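Below: model29.pdb (PDB, N, CA and C atoms)
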MODEL        1
ATOM      1  N   MET F  12       6.483  13.105  20.866  1.00  0.00           N
ATOM      2  CA  MET F  12       6.402  11.722  21.252  1.00  0.00           C
ATOM      3  C   MET F  12       7.382  10.864  20.453  1.00  0.00           C
ATOM      4  N   ALA F  13       7.469  11.085  19.148  1.00  0.00           N
ATOM      5  CA  ALA F  13       8.361  10.292  18.316  1.00  0.00           C
ATOM      6  C   ALA F  13       9.807  10.434  18.763  1.00  0.00           C
ATOM      7  N   GLN F  14      10.160  11.595  19.297  1.00  0.00           N
ATOM      8  CA  GLN F  14      11.535  11.805  19.740  1.00  0.00           C
ATOM      9  C   GLN F  14      11.869  10.907  20.925  1.00  0.00           C
ATOM     10  N   HIS F  15      10.881  10.597  21.752  1.00  0.00           N
ATOM     11  CA  HIS F  15      11.124   9.797  22.947  1.00  0.00           C
ATOM     12  C   HIS F  15      10.926   8.309  22.707  1.00  0.00           C
ATOM     13  N   HIS F  16      10.039   7.956  21.814  1.00  0.00           N
ATOM     14  CA  HIS F  16       9.672   6.553  21.635  1.00  0.00           C
ATOM     15  C   HIS F  16      10.064   5.988  20.278  1.00  0.00           C
ATOM     16  N   GLY F  17      10.635   6.767  19.418  1.00  0.00           N
ATOM     17  CA  GLY F  17      10.994   6.294  18.087  1.00  0.00           C
ATOM     18  C   GLY F  17       9.802   6.345  17.152  1.00  0.00           C
ATOM     19  N   ARG F  18      10.049   6.018  15.908  1.00  0.00           N
ATOM     20  CA  ARG F  18       8.988   6.048  14.908  1.00  0.00           C
ATOM     21  C   ARG F  18       8.275   4.709  14.896  1.00  0.00           C
ATOM     22  N   SER F  19       6.988   4.730  15.135  1.00  0.00           N
ATOM     23  CA  SER F  19       6.219   3.495  15.144  1.00  0.00           C
ATOM     24  C   SER F  19       6.058   2.930  13.746  1.00  0.00           C
ATOM     25  N   TYR F  20       5.896   3.807  12.766  1.00  0.00           N
ATOM     26  CA  TYR F  20       5.645   3.370  11.403  1.00  0.00           C
ATOM     27  C   TYR F  20       6.659   4.026  10.483  1.00  0.00           C
ATOM     28  N   THR F  21       7.266   3.227   9.632  1.00  0.00           N
ATOM     29  CA  THR F  21       8.215   3.808   8.688  1.00  0.00           C
ATOM     30  C   THR F  21       7.499   4.275   7.437  1.00  0.00           C
ATOM     31  N   ARG F  22       6.399   3.621   7.095  1.00  0.00           N
ATOM     32  CA  ARG F  22       5.613   4.032   5.926  1.00  0.00           C
ATOM     33  C   ARG F  22       4.138   3.810   6.211  1.00  0.00           C
ATOM     34  N   THR F  23       3.357   4.778   5.848  1.00  0.00           N
ATOM     35  CA  THR F  23       1.913   4.658   5.993  1.00  0.00           C
ATOM     36  C   THR F  23       1.257   5.153   4.713  1.00  0.00           C
ATOM     37  N   GLY F  24       0.008   4.840   4.562  1.00  0.00           N
ATOM     38  CA  GLY F  24      -0.720   5.294   3.382  1.00  0.00           C
ATOM     39  C   GLY F  24      -2.163   5.557   3.728  1.00  0.00           C
ATOM     40  N   ALA F  25      -2.847   6.233   2.836  1.00  0.00           N
ATOM     41  CA  ALA F  25      -4.263   6.522   3.024  1.00  0.00           C
ATOM     42  C   ALA F  25      -5.053   5.817   1.930  1.00  0.00           C
ATOM     43  N   ASP F  26      -6.125   5.184   2.322  1.00  0.00           N
ATOM     44  CA  ASP F  26      -7.012   4.489   1.385  1.00  0.00           C
ATOM     45  C   ASP F  26      -8.292   5.306   1.263  1.00  0.00           C
ATOM     46  N   VAL F  27      -8.184   6.421   0.568  1.00  0.00           N
ATOM     47  CA  VAL F  27      -9.276   7.384   0.490  1.00  0.00           C
ATOM     48  C   VAL F  27     -10.539   6.769  -0.103  1.00  0.00           C
ATOM     49  N   SER F  28     -10.392   5.965  -1.144  1.00  0.00           N
ATOM     50  CA  SER F  28     -11.563   5.385  -1.808  1.00  0.00           C
ATOM     51  C   SER F  28     -12.080   4.139  -1.110  1.00  0.00           C
ATOM     52  N   GLY F  29     -11.264   3.531  -0.244  1.00  0.00           N
ATOM     53  CA  GLY F  29     -11.655   2.291   0.411  1.00  0.00           C
ATOM     54  C   GLY F  29     -11.396   1.057  -0.439  1.00  0.00           C
ATOM     55  N   ARG F  30     -10.874   1.226  -1.617  1.00  0.00           N
ATOM     56  CA  ARG F  30     -10.638   0.114  -2.540  1.00  0.00           C
ATOM     57  C   ARG F  30      -9.554  -0.828  -2.019  1.00  0.00           C
ATOM     58  N   VAL F  31      -8.496  -0.304  -1.463  1.00  0.00           N
ATOM     59  CA  VAL F  31      -7.415  -1.147  -0.956  1.00  0.00           C
ATOM     60  C   VAL F  31      -7.925  -2.006   0.195  1.00  0.00           C
ATOM     61  N   ALA F  32      -8.723  -1.441   1.056  1.00  0.00           N
ATOM     62  CA  ALA F  32      -9.285  -2.212   2.170  1.00  0.00           C
ATOM     63  C   ALA F  32     -10.087  -3.397   1.657  1.00  0.00           C
ATOM     64  N   ILE F  33     -10.851  -3.192   0.628  1.00  0.00           N
ATOM     65  CA  ILE F  33     -11.629  -4.279   0.042  1.00  0.00           C
ATOM     66  C   ILE F  33     -10.707  -5.326  -0.567  1.00  0.00           C
ATOM     67  N   ASP F  34      -9.721  -4.882  -1.329  1.00  0.00           N
ATOM     68  CA  ASP F  34      -8.785  -5.806  -1.976  1.00  0.00           C
ATOM     69  C   ASP F  34      -7.986  -6.623  -0.964  1.00  0.00           C
ATOM     70  N   TRP F  35      -7.621  -6.024   0.150  1.00  0.00           N
ATOM     71  CA  TRP F  35      -6.817  -6.700   1.156  1.00  0.00           C
ATOM     72  C   TRP F  35      -7.654  -7.541   2.118  1.00  0.00           C
ATOM     73  N   GLY F  36      -8.956  -7.383   2.090  1.00  0.00           N
ATOM     74  CA  GLY F  36      -9.806  -8.151   2.986  1.00  0.00           C
ATOM     75  C   GLY F  36      -9.869  -7.586   4.394  1.00  0.00           C
ATOM     76  N   VAL F  37      -9.676  -6.297   4.512  1.00  0.00           N
ATOM     77  CA  VAL F  37      -9.752  -5.651   5.822  1.00  0.00           C
ATOM     78  C   VAL F  37     -11.181  -5.722   6.324  1.00  0.00           C
ATOM     79  N   TYR F  38     -11.326  -6.099   7.573  1.00  0.00           N
ATOM     80  CA  TYR F  38     -12.679  -6.145   8.111  1.00  0.00           C
ATOM     81  C   TYR F  38     -12.796  -5.617   9.525  1.00  0.00           C
ATOM     82  N   GLY F  39     -11.725  -5.182  10.100  1.00  0.00           N
ATOM     83  CA  GLY F  39     -11.809  -4.622  11.443  1.00  0.00           C
ATOM     84  C   GLY F  39     -10.494  -4.014  11.867  1.00  0.00           C
ATOM     85  N   VAL F  40     -10.552  -3.219  12.875  1.00  0.00           N
ATOM     86  CA  VAL F  40      -9.372  -2.534  13.378  1.00  0.00           C
ATOM     87  C   VAL F  40      -9.076  -3.076  14.765  1.00  0.00           C
ATOM     88  N   PRO F  41      -7.872  -3.275  15.151  1.00  0.00           N
ATOM     89  CA  PRO F  41      -6.655  -3.062  14.371  1.00  0.00           C
ATOM     90  C   PRO F  41      -6.269  -4.302  13.565  1.00  0.00           C
ATOM     91  N   GLU F  42      -5.640  -4.050  12.463  1.00  0.00           N
ATOM     92  CA  GLU F  42      -5.038  -5.090  11.636  1.00  0.00           C
ATOM     93  C   GLU F  42      -3.666  -4.594  11.194  1.00  0.00           C
ATOM     94  N   THR F  43      -2.720  -5.492  11.141  1.00  0.00           N
ATOM     95  CA  THR F  43      -1.369  -5.151  10.730  1.00  0.00           C
ATOM     96  C   THR F  43      -0.994  -6.021   9.543  1.00  0.00           C
ATOM     97  N   PHE F  44      -0.428  -5.400   8.524  1.00  0.00           N
ATOM     98  CA  PHE F  44      -0.012  -6.114   7.329  1.00  0.00           C
ATOM     99  C   PHE F  44       1.486  -5.971   7.146  1.00  0.00           C
ATOM    100  N   VAL F  45       2.135  -7.056   6.756  1.00  0.00           N
ATOM    101  CA  VAL F  45       3.526  -7.007   6.323  1.00  0.00           C
ATOM    102  C   VAL F  45       3.468  -7.162   4.811  1.00  0.00           C
ATOM    103  N   ILE F  46       3.995  -6.171   4.108  1.00  0.00           N
ATOM    104  CA  ILE F  46       3.929  -6.117   2.657  1.00  0.00           C
ATOM    105  C   ILE F  46       5.329  -6.341   2.081  1.00  0.00           C
ATOM    106  N   THR F  47       5.410  -7.170   1.045  1.00  0.00           N
ATOM    107  CA  THR F  47       6.697  -7.447   0.402  1.00  0.00           C
ATOM    108  C   THR F  47       7.098  -6.293  -0.516  1.00  0.00           C
ATOM    109  N   LYS F  48       8.336  -6.339  -0.984  1.00  0.00           N
ATOM    110  CA  LYS F  48       8.834  -5.310  -1.899  1.00  0.00           C
ATOM    111  C   LYS F  48       8.030  -5.251  -3.186  1.00  0.00           C
ATOM    112  N   ASP F  49       7.445  -6.384  -3.582  1.00  0.00           N
ATOM    113  CA  ASP F  49       6.641  -6.392  -4.805  1.00  0.00           C
ATOM    114  C   ASP F  49       5.145  -6.221  -4.515  1.00  0.00           C
ATOM    115  N   ALA F  50       4.848  -5.626  -3.368  1.00  0.00           N
ATOM    116  CA  ALA F  50       3.489  -5.207  -2.982  1.00  0.00           C
ATOM    117  C   ALA F  50       2.521  -6.365  -2.746  1.00  0.00           C
ATOM    118  N   ARG F  51       3.041  -7.489  -2.275  1.00  0.00           N
ATOM    119  CA  ARG F  51       2.175  -8.609  -1.925  1.00  0.00           C
ATOM    120  C   ARG F  51       2.051  -8.702  -0.408  1.00  0.00           C
ATOM    121  N   ILE F  52       0.910  -9.180   0.045  1.00  0.00           N
ATOM    122  CA  ILE F  52       0.710  -9.350   1.476  1.00  0.00           C
ATOM    123  C   ILE F  52       1.439 -10.612   1.918  1.00  0.00           C
ATOM    124  N   ALA F  53       2.434 -10.449   2.777  1.00  0.00           N
ATOM    125  CA  ALA F  53       3.188 -11.580   3.292  1.00  0.00           C
ATOM    126  C   ALA F  53       2.559 -12.102   4.577  1.00  0.00           C
ATOM    127  N   TYR F  54       1.896 -11.205   5.308  1.00  0.00           N
ATOM    128  CA  TYR F  54       1.325 -11.600   6.594  1.00  0.00           C
ATOM    129  C   TYR F  54       0.261 -10.591   6.991  1.00  0.00           C
ATOM    130  N   LYS F  55      -0.809 -11.097   7.591  1.00  0.00           N
ATOM    131  CA  LYS F  55      -1.885 -10.246   8.109  1.00  0.00           C
ATOM    132  C   LYS F  55      -2.141 -10.653   9.551  1.00  0.00           C
ATOM    133  N   HIS F  56      -1.997  -9.707  10.454  1.00  0.00           N
ATOM    134  CA  HIS F  56      -2.244  -9.951  11.876  1.00  0.00           C
ATOM    135  C   HIS F  56      -3.512  -9.216  12.270  1.00  0.00           C
ATOM    136  N   ILE F  57      -4.469  -9.934  12.778  1.00  0.00           N
ATOM    137  CA  ILE F  57      -5.737  -9.338  13.198  1.00  0.00           C
ATOM    138  C   ILE F  57      -5.692  -9.133  14.704  1.00  0.00           C
ATOM    139  N   GLY F  58      -6.009  -7.926  15.138  1.00  0.00           N
ATOM    140  CA  GLY F  58      -5.994  -7.593  16.557  1.00  0.00           C
ATOM    141  C   GLY F  58      -4.745  -6.820  16.929  1.00  0.00           C
ATOM    142  N   ALA F  59      -4.655  -6.510  18.193  1.00  0.00           N
ATOM    143  CA  ALA F  59      -3.503  -5.756  18.691  1.00  0.00           C
ATOM    144  C   ALA F  59      -2.235  -6.586  18.533  1.00  0.00           C
ATOM    145  N   VAL F  60      -1.152  -5.922  18.213  1.00  0.00           N
ATOM    146  CA  VAL F  60       0.143  -6.602  18.108  1.00  0.00           C
ATOM    147  C   VAL F  60       0.720  -6.717  19.510  1.00  0.00           C
ATOM    148  N   THR F  61       0.808  -7.932  19.976  1.00  0.00           N
ATOM    149  CA  THR F  61       1.377  -8.187  21.300  1.00  0.00           C
ATOM    150  C   THR F  61       2.890  -8.337  21.174  1.00  0.00           C
ATOM    151  N   PRO F  62       3.604  -8.205  22.276  1.00  0.00           N
ATOM    152  CA  PRO F  62       5.049  -8.440  22.208  1.00  0.00           C
ATOM    153  C   PRO F  62       5.378  -9.844  21.674  1.00  0.00           C
ATOM    154  N   LYS F  63       4.582 -10.836  22.038  1.00  0.00           N
ATOM    155  CA  LYS F  63       4.810 -12.204  21.562  1.00  0.00           C
ATOM    156  C   LYS F  63       4.630 -12.300  20.050  1.00  0.00           C
ATOM    157  N   ALA F  64       3.551 -11.718  19.523  1.00  0.00           N
ATOM    158  CA  ALA F  64       3.318 -11.747  18.075  1.00  0.00           C
ATOM    159  C   ALA F  64       4.432 -11.011  17.341  1.00  0.00           C
ATOM    160  N   LEU F  65       4.866  -9.902  17.885  1.00  0.00           N
ATOM    161  CA  LEU F  65       5.934  -9.130  17.263  1.00  0.00           C
ATOM    162  C   LEU F  65       7.235  -9.920  17.244  1.00  0.00           C
ATOM    163  N   ASP F  66       7.614 -10.477  18.387  1.00  0.00           N
ATOM    164  CA  ASP F  66       8.891 -11.184  18.511  1.00  0.00           C
ATOM    165  C   ASP F  66       8.896 -12.551  17.823  1.00  0.00           C
ATOM    166  N   ASP F  67       7.769 -13.262  17.893  1.00  0.00           N
ATOM    167  CA  ASP F  67       7.727 -14.630  17.368  1.00  0.00           C
ATOM    168  C   ASP F  67       7.370 -14.714  15.889  1.00  0.00           C
ATOM    169  N   THR F  68       6.627 -13.743  15.386  1.00  0.00           N
ATOM    170  CA  THR F  68       6.118 -13.860  14.024  1.00  0.00           C
ATOM    171  C   THR F  68       6.504 -12.691  13.122  1.00  0.00           C
ATOM    172  N   ILE F  69       6.159 -11.490  13.522  1.00  0.00           N
ATOM    173  CA  ILE F  69       6.278 -10.340  12.625  1.00  0.00           C
ATOM    174  C   ILE F  69       7.732  -9.962  12.353  1.00  0.00           C
ATOM    175  N   LEU F  70       8.510  -9.752  13.388  1.00  0.00           N
ATOM    176  CA  LEU F  70       9.908  -9.354  13.172  1.00  0.00           C
ATOM    177  C   LEU F  70      10.735 -10.427  12.471  1.00  0.00           C
ATOM    178  N   PRO F  71      10.597 -11.716  12.824  1.00  0.00           N
ATOM    179  CA  PRO F  71      11.333 -12.728  12.063  1.00  0.00           C
ATOM    180  C   PRO F  71      10.949 -12.746  10.581  1.00  0.00           C
ATOM    181  N   LEU F  72       9.678 -12.551  10.286  1.00  0.00           N
ATOM    182  CA  LEU F  72       9.243 -12.505   8.894  1.00  0.00           C
ATOM    183  C   LEU F  72       9.864 -11.314   8.172  1.00  0.00           C
ATOM    184  N   ILE F  73       9.868 -10.162   8.796  1.00  0.00           N
ATOM    185  CA  ILE F  73      10.471  -8.978   8.178  1.00  0.00           C
ATOM    186  C   ILE F  73      11.953  -9.212   7.916  1.00  0.00           C
ATOM    187  N   ARG F  74      12.636  -9.834   8.862  1.00  0.00           N
ATOM    188  CA  ARG F  74      14.064 -10.132   8.655  1.00  0.00           C
ATOM    189  C   ARG F  74      14.259 -11.058   7.447  1.00  0.00           C
ATOM    190  N   ARG F  75      13.426 -12.101   7.358  1.00  0.00           N
ATOM    191  CA  ARG F  75      13.534 -13.022   6.216  1.00  0.00           C
ATOM    192  C   ARG F  75      13.260 -12.324   4.900  1.00  0.00           C
ATOM    193  N   LEU F  76      12.247 -11.476   4.886  1.00  0.00           N
ATOM    194  CA  LEU F  76      11.903 -10.765   3.653  1.00  0.00           C
ATOM    195  C   LEU F  76      13.013  -9.809   3.222  1.00  0.00           C
ATOM    196  N   ARG F  77      13.673  -9.189   4.181  1.00  0.00           N
ATOM    197  CA  ARG F  77      14.778  -8.274   3.847  1.00  0.00           C
ATOM    198  C   ARG F  77      15.955  -9.029   3.243  1.00  0.00           C
ATOM    199  N   GLU F  78      16.126 -10.296   3.596  1.00  0.00           N
ATOM    200  CA  GLU F  78      17.233 -11.093   3.075  1.00  0.00           C
ATOM    201  C   GLU F  78      16.983 -11.559   1.647  1.00  0.00           C
ATOM    202  N   GLN F  79      15.756 -11.518   1.210  1.00  0.00           N
ATOM    203  CA  GLN F  79      15.411 -12.002  -0.138  1.00  0.00           C
ATOM    204  C   GLN F  79      15.791 -11.002  -1.200  1.00  0.00           C
TER     205      GLN F  79
ENDMDL
END
What's the structure tokens form of this structure?
Amino acid sequence: MAQHHGRSYTRTGADVSGRVAIDWGVYGVPETFVITKDARIAYKHIGAVTPKALDDTILPLIRRLREQ
């Protein structure tokens, strides 16, 4: 599938103890987080990522963060 559709996630992690979920305030699935280079939460999107949310909010934020 990845060969046809590209990589959906460049980095993922496992929260085996559940501690990160508590620290980040996770309370339901799906949630998407944009994390800065210094491991801070820059943005939290609750719910499915729609094309509008991706184009209007998430991708512009990632571009800005990469420029910093």
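Going from CA of Ala64 (chain F) over to CA of Val27 (chain F), you cover 28.9 Å.
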List every residue of region 25-76 of chain F that DSSP, applied to the backbone of this structure, assigns to strand (DSSP E), and report them as a ChimeraX atom specification. /F:42-46,52-57
Could you save the residues just selected, with N, CA and C atoms, as a CSV table (one decimal), in the coordinates of the input?
chain,number,residue,atom,x,y,z
F,42,GLU,N,-5.6,-4.0,12.5
F,42,GLU,CA,-5.0,-5.1,11.6
F,42,GLU,C,-3.7,-4.6,11.2
F,43,THR,N,-2.7,-5.5,11.1
F,43,THR,CA,-1.4,-5.2,10.7
F,43,THR,C,-1.0,-6.0,9.5
F,44,PHE,N,-0.4,-5.4,8.5
F,44,PHE,CA,0.0,-6.1,7.3
F,44,PHE,C,1.5,-6.0,7.1
F,45,VAL,N,2.1,-7.1,6.8
F,45,VAL,CA,3.5,-7.0,6.3
F,45,VAL,C,3.5,-7.2,4.8
F,46,ILE,N,4.0,-6.2,4.1
F,46,ILE,CA,3.9,-6.1,2.7
F,46,ILE,C,5.3,-6.3,2.1
F,52,ILE,N,0.9,-9.2,0.0
F,52,ILE,CA,0.7,-9.4,1.5
F,52,ILE,C,1.4,-10.6,1.9
F,53,ALA,N,2.4,-10.4,2.8
F,53,ALA,CA,3.2,-11.6,3.3
F,53,ALA,C,2.6,-12.1,4.6
F,54,TYR,N,1.9,-11.2,5.3
F,54,TYR,CA,1.3,-11.6,6.6
F,54,TYR,C,0.3,-10.6,7.0
F,55,LYS,N,-0.8,-11.1,7.6
F,55,LYS,CA,-1.9,-10.2,8.1
F,55,LYS,C,-2.1,-10.7,9.6
F,56,HIS,N,-2.0,-9.7,10.5
F,56,HIS,CA,-2.2,-10.0,11.9
F,56,HIS,C,-3.5,-9.2,12.3
F,57,ILE,N,-4.5,-9.9,12.8
F,57,ILE,CA,-5.7,-9.3,13.2
F,57,ILE,C,-5.7,-9.1,14.7
I'd like the neighbourhood of Val45 (chain F) as a PDB file with N, CA and C atoms, keeping the file's coordinate frame, where a residue qualifies if any of its atoms comes within 10 Å (using only C-alpha atoms), though same-chain residues fewer than 4 positions away should be ignored.
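Wrote part.pdb, looks like this:
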ATOM      1  N   ALA F  50       4.848  -5.626  -3.368  1.00  0.00           N
ATOM      2  CA  ALA F  50       3.489  -5.207  -2.982  1.00  0.00           C
ATOM      3  C   ALA F  50       2.521  -6.365  -2.746  1.00  0.00           C
ATOM      4  N   ARG F  51       3.041  -7.489  -2.275  1.00  0.00           N
ATOM      5  CA  ARG F  51       2.175  -8.609  -1.925  1.00  0.00           C
ATOM      6  C   ARG F  51       2.051  -8.702  -0.408  1.00  0.00           C
ATOM      7  N   ILE F  52       0.910  -9.180   0.045  1.00  0.00           N
ATOM      8  CA  ILE F  52       0.710  -9.350   1.476  1.00  0.00           C
ATOM      9  C   ILE F  52       1.439 -10.612   1.918  1.00  0.00           C
ATOM     10  N   ALA F  53       2.434 -10.449   2.777  1.00  0.00           N
ATOM     11  CA  ALA F  53       3.188 -11.580   3.292  1.00  0.00           C
ATOM     12  C   ALA F  53       2.559 -12.102   4.577  1.00  0.00           C
ATOM     13  N   TYR F  54       1.896 -11.205   5.308  1.00  0.00           N
ATOM     14  CA  TYR F  54       1.325 -11.600   6.594  1.00  0.00           C
ATOM     15  C   TYR F  54       0.261 -10.591   6.991  1.00  0.00           C
ATOM     16  N   LYS F  55      -0.809 -11.097   7.591  1.00  0.00           N
ATOM     17  CA  LYS F  55      -1.885 -10.246   8.109  1.00  0.00           C
ATOM     18  C   LYS F  55      -2.141 -10.653   9.551  1.00  0.00           C
ATOM     19  N   HIS F  56      -1.997  -9.707  10.454  1.00  0.00           N
ATOM     20  CA  HIS F  56      -2.244  -9.951  11.876  1.00  0.00           C
ATOM     21  C   HIS F  56      -3.512  -9.216  12.270  1.00  0.00           C
ATOM     22  N   ILE F  69       6.159 -11.490  13.522  1.00  0.00           N
ATOM     23  CA  ILE F  69       6.278 -10.340  12.625  1.00  0.00           C
ATOM     24  C   ILE F  69       7.732  -9.962  12.353  1.00  0.00           C
ATOM     25  N   LEU F  70       8.510  -9.752  13.388  1.00  0.00           N
ATOM     26  CA  LEU F  70       9.908  -9.354  13.172  1.00  0.00           C
ATOM     27  C   LEU F  70      10.735 -10.427  12.471  1.00  0.00           C
ATOM     28  N   LEU F  72       9.678 -12.551  10.286  1.00  0.00           N
ATOM     29  CA  LEU F  72       9.243 -12.505   8.894  1.00  0.00           C
ATOM     30  C   LEU F  72       9.864 -11.314   8.172  1.00  0.00           C
ATOM     31  N   ILE F  73       9.868 -10.162   8.796  1.00  0.00           N
ATOM     32  CA  ILE F  73      10.471  -8.978   8.178  1.00  0.00           C
ATOM     33  C   ILE F  73      11.953  -9.212   7.916  1.00  0.00           C
ATOM     34  N   LEU F  76      12.247 -11.476   4.886  1.00  0.00           N
ATOM     35  CA  LEU F  76      11.903 -10.765   3.653  1.00  0.00           C
ATOM     36  C   LEU F  76      13.013  -9.809   3.222  1.00  0.00           C
TER      37      LEU F  76
END
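Atom pair CA of Val40 (chain F) / CA of Gly58 (chain F): separated by 6.9 Å.
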Distance of atom C of Gly36 (chain F) from atom N of Lys48 (chain F), expressed in Å to one decimal place: 19.0 Å
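Proximity ranking of F:Gln79, F:Ala59, F:Gly29, F:Arg22 relative to Glu42 (chain F) places F:Ala59 first, based on only C-alpha atoms.
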Per DSSP on the backbone, what are the alpha helix (DSSP H) residues of chain F, as a PyMOL selection string? chain F and resi 13-16+30-35+62-64+70-78
Enclose the full set of atoms of region 21-39 of chain F listed in the file within a box whose edges lie along x, y and z, apply 5 Å of padding to each of the six sides, and report centre and edge lengths in Å to one decimal as JSON.
{"center_x": -2.3, "center_y": -0.4, "center_z": 4.7, "size_x": 31.0, "size_y": 25.5, "size_z": 24.4}
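If you measure from each of F:Arg77, F:Val60, F:Pro71, F:Arg30 to Phe44 (chain F) using only C-alpha atoms, the closest one turns out to be F:Val60.
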